[in-house]
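S.K.: Mind looking over this structure? Questions follow.
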Amino acid sequence: MSSGTDKIISSIMSEAKEKADSIIQDAQVEVNQINDKATKDAESEKNKILDNGKKQSDMRYQQIISEAKMNARRAELEAKEEVIDLAFEKATEELTEKASSDDKQYVDSLLGMIKEAACEMGGGDLIVQMKEEDIAKVQGKISSVAADIASATGISTTLAMGDSINTIGGAILKTQSGDIEINNTIEARLDRFKKVLRSEVANVLFN
């Protein structure tokens with residue numbers, strides 16, 4: 001190979017190397033730019049994920065706290081309801097025991113329940129239903145109660161004993177026709193006033 005040819009080849013190789021170096025440098029710059037952008041994008045995405053994660057964790061935290069408060073409130077209310085129910089059960093037991101005895105206070109209350117119902121009905125000829133054991137307790141006093149009712153209502157009143165009923169105590173009063181009836185038994189009174197009694201018991205127990 002002639003020296004002239006060597007020079008041409010050497011010149012071509014030199015130019016090619018310079019061009020290759022330039023291309024490599026440009027490529028490296030582009031690669032660095034791509035890497036920088038990728039790093040920034042990745043960092044930004046990571047921050048978004050972390051930010052979203054924090055928001056989600058905060059939301060979940062608040063949700064857990066809210067649920068815990070609701071559960072605690074529910075448990076508190078259930079506990080109070082249970083105590084109130086136990087108080088009613090105890091009261092029913094005591095009333096049952098008192099109504100099963102010859103306790104003067106109960107007899108007076110029984111006569112008062114008869115009078116209260118009869119006056120609410122406006123007096124007249126009425127039928128009184130009680131448990132078998134209570135009939136004997138009031139038998140000698142029923143005419144006096146009828147007189148008190150007549151005086152209170154201004155209507156002539158009679159109280160006749162009807163069939164005995166199954167009850168803790170108290171009485172059911174009816175008109176002779178049966179069209180009007182007032183249930184003034186202990187159970188019925190407890191049911192009627194349960195809301196008020198429950199509120200009063202709650203105030204005594206929890207205030």
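Just so we're on the same page: first chain in the structure tokens is A, next is B, and so on; residues restart at 1 for each chain, and ligands are numbered from 1 in the order they show up.
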Using DSSP on the backbone coordinates, identify the residues of range 19-150 of chain A assigned to strand (DSSP E); present them as an NGL selection string.

M.R.: :A and (125-129)

S.K.: Residues near Gln139 in chain A, anyone? I mean within 12 Å using only C-alpha atoms, not counting same-chain ones fewer than 2 positions away, as a VMD selection string.

M.R.: chain A and resid 107 110 to 111 128 130 132 to 137 141 to 146 159 to 161

S.K.: Would you put the residues from that selection into a file with all heavy atoms, as a compact mmCIF listing (two decimals), in the first residue's frame?

M.R.:
```txt
# COMPACT_ATOMS: atom_id res chain seq x y z
N VAL A 107 -102.27 -2.20 99.75
CA VAL A 107 -103.74 -2.18 99.74
C VAL A 107 -104.24 -0.76 99.46
O VAL A 107 -105.17 -0.57 98.66
CB VAL A 107 -104.30 -2.71 101.08
CG1 VAL A 107 -105.83 -2.56 101.11
CG2 VAL A 107 -103.91 -4.16 101.30
N LEU A 110 -103.71 -0.06 95.87
CA LEU A 110 -104.69 -0.80 95.07
C LEU A 110 -106.02 -0.06 95.03
O LEU A 110 -106.62 0.12 93.95
CB LEU A 110 -104.87 -2.20 95.66
CG LEU A 110 -105.90 -3.11 94.99
CD1 LEU A 110 -105.56 -3.31 93.52
CD2 LEU A 110 -105.95 -4.46 95.71
N LEU A 111 -106.47 0.40 96.18
CA LEU A 111 -107.71 1.16 96.22
C LEU A 111 -107.57 2.47 95.43
O LEU A 111 -108.50 2.90 94.74
CB LEU A 111 -108.08 1.48 97.68
CG LEU A 111 -108.46 0.26 98.54
CD1 LEU A 111 -108.55 0.66 100.01
CD2 LEU A 111 -109.78 -0.33 98.07
N VAL A 128 -114.99 -4.40 88.34
CA VAL A 128 -113.60 -4.38 88.77
C VAL A 128 -113.03 -5.80 88.67
O VAL A 128 -113.61 -6.74 89.22
CB VAL A 128 -113.45 -3.87 90.22
CG1 VAL A 128 -111.97 -3.81 90.61
CG2 VAL A 128 -114.11 -2.51 90.38
N MET A 130 -109.57 -8.07 89.41
CA MET A 130 -108.28 -8.13 90.11
C MET A 130 -107.86 -9.59 90.23
O MET A 130 -108.61 -10.50 89.89
CB MET A 130 -108.41 -7.53 91.51
CG MET A 130 -108.76 -6.05 91.54
SD MET A 130 -108.93 -5.44 93.24
CE MET A 130 -110.50 -6.20 93.70
N GLU A 132 -107.20 -12.96 92.30
CA GLU A 132 -108.04 -13.59 93.33
C GLU A 132 -107.67 -13.13 94.73
O GLU A 132 -108.54 -12.82 95.56
CB GLU A 132 -107.92 -15.12 93.23
CG GLU A 132 -108.93 -15.88 94.07
CD GLU A 132 -110.36 -15.74 93.56
OE1 GLU A 132 -110.55 -15.74 92.33
OE2 GLU A 132 -111.27 -15.61 94.41
N GLU A 133 -106.36 -13.07 95.01
CA GLU A 133 -105.91 -12.74 96.37
C GLU A 133 -106.26 -11.30 96.77
O GLU A 133 -106.42 -11.01 97.97
CB GLU A 133 -104.39 -12.91 96.49
CG GLU A 133 -103.88 -14.30 96.17
CD GLU A 133 -103.49 -14.45 94.71
OE1 GLU A 133 -104.27 -14.04 93.83
OE2 GLU A 133 -102.39 -14.97 94.46
N ASP A 134 -106.39 -10.39 95.79
CA ASP A 134 -106.65 -8.99 96.11
C ASP A 134 -108.12 -8.70 96.39
O ASP A 134 -108.44 -7.69 97.03
CB ASP A 134 -106.17 -8.09 94.96
CG ASP A 134 -104.66 -7.91 94.96
OD1 ASP A 134 -104.03 -8.35 95.93
OD2 ASP A 134 -104.12 -7.32 94.00
N ILE A 135 -108.99 -9.56 95.89
CA ILE A 135 -110.43 -9.32 96.08
C ILE A 135 -110.77 -9.24 97.56
O ILE A 135 -111.47 -8.33 98.02
CB ILE A 135 -111.27 -10.41 95.39
CG1 ILE A 135 -111.06 -10.31 93.86
CG2 ILE A 135 -112.75 -10.26 95.73
CD1 ILE A 135 -111.74 -11.42 93.07
N ALA A 136 -110.22 -10.19 98.33
CA ALA A 136 -110.48 -10.22 99.77
C ALA A 136 -109.91 -9.00 100.49
O ALA A 136 -110.46 -8.53 101.50
CB ALA A 136 -109.91 -11.50 100.38
N LYS A 137 -108.81 -8.47 99.94
CA LYS A 137 -108.15 -7.33 100.59
C LYS A 137 -108.98 -6.05 100.52
O LYS A 137 -108.86 -5.18 101.38
CB LYS A 137 -106.78 -7.08 99.94
CG LYS A 137 -105.78 -8.22 100.15
CD LYS A 137 -104.49 -7.94 99.39
CE LYS A 137 -103.53 -9.13 99.49
NZ LYS A 137 -102.29 -8.92 98.71
N LYS A 141 -113.92 -2.56 101.72
CA LYS A 141 -113.69 -1.12 101.53
C LYS A 141 -114.20 -0.62 100.19
O LYS A 141 -114.16 0.59 99.92
CB LYS A 141 -112.19 -0.84 101.63
CG LYS A 141 -111.56 -1.31 102.94
CD LYS A 141 -110.05 -1.15 102.92
CE LYS A 141 -109.43 -1.70 104.22
NZ LYS A 141 -107.97 -1.61 104.23
N ILE A 142 -114.69 -1.52 99.35
CA ILE A 142 -115.04 -1.15 97.98
C ILE A 142 -116.23 -0.19 97.91
O ILE A 142 -116.29 0.69 97.05
CB ILE A 142 -115.31 -2.42 97.13
CG1 ILE A 142 -115.08 -2.10 95.63
CG2 ILE A 142 -116.69 -2.99 97.38
CD1 ILE A 142 -113.64 -1.95 95.28
N SER A 143 -117.19 -0.34 98.86
CA SER A 143 -118.36 0.56 98.84
C SER A 143 -117.94 1.98 99.20
O SER A 143 -118.48 2.96 98.66
CB SER A 143 -119.43 0.06 99.82
OG SER A 143 -118.90 -0.03 101.13
N SER A 144 -116.97 2.11 100.10
CA SER A 144 -116.47 3.43 100.49
C SER A 144 -115.74 4.08 99.31
O SER A 144 -115.88 5.29 99.07
CB SER A 144 -115.51 3.30 101.67
OG SER A 144 -114.93 4.54 102.00
N VAL A 145 -115.00 3.26 98.55
CA VAL A 145 -114.30 3.77 97.37
C VAL A 145 -115.31 4.25 96.32
O VAL A 145 -115.15 5.30 95.70
CB VAL A 145 -113.38 2.69 96.77
CG1 VAL A 145 -112.80 3.15 95.44
CG2 VAL A 145 -112.27 2.34 97.73
N ALA A 146 -116.40 3.48 96.15
CA ALA A 146 -117.45 3.85 95.19
C ALA A 146 -118.07 5.19 95.58
O ALA A 146 -118.36 6.03 94.71
CB ALA A 146 -118.52 2.76 95.14
N LEU A 159 -119.40 -0.49 92.19
CA LEU A 159 -118.24 -1.28 91.79
C LEU A 159 -118.53 -2.75 92.06
O LEU A 159 -118.64 -3.17 93.21
CB LEU A 159 -116.99 -0.84 92.56
CG LEU A 159 -116.56 0.62 92.36
CD1 LEU A 159 -115.42 0.97 93.33
CD2 LEU A 159 -116.12 0.86 90.92
N ALA A 160 -118.70 -3.51 90.98
CA ALA A 160 -118.98 -4.94 91.12
C ALA A 160 -117.73 -5.74 90.76
O ALA A 160 -117.01 -5.40 89.82
CB ALA A 160 -120.14 -5.34 90.20
N MET A 161 -117.48 -6.80 91.52
CA MET A 161 -116.32 -7.64 91.25
C MET A 161 -116.57 -8.53 90.04
O MET A 161 -117.59 -9.24 89.97
CB MET A 161 -116.00 -8.49 92.48
CG MET A 161 -115.46 -7.70 93.65
SD MET A 161 -113.91 -6.87 93.21
CE MET A 161 -113.81 -5.71 94.58
```

S.K.: For a quick check of understanding, using only C-alpha atoms, which of A:Cys119, A:Leu126, A:Met59, A:Leu77 has the smallest distance to Ala152 in chain A?

M.R.: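 Nearest to Ala152 in chain A: A:Cys119.
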
S.K.: Suppose you want the space between CA of Glu120 in chain A and CA of Glu200 in chain A; what is it in Å?

M.R.: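 Going from CA of Glu120 in chain A over to CA of Glu200 in chain A covers 25.3 Å.
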
S.K.: DSSP says alpha helix (DSSP H) for which residues of range 14-192 of chain A? Put them as a PyMOL selection string?

M.R.: chain A and resi 14-99+104-121+132-138+142-153+186-192
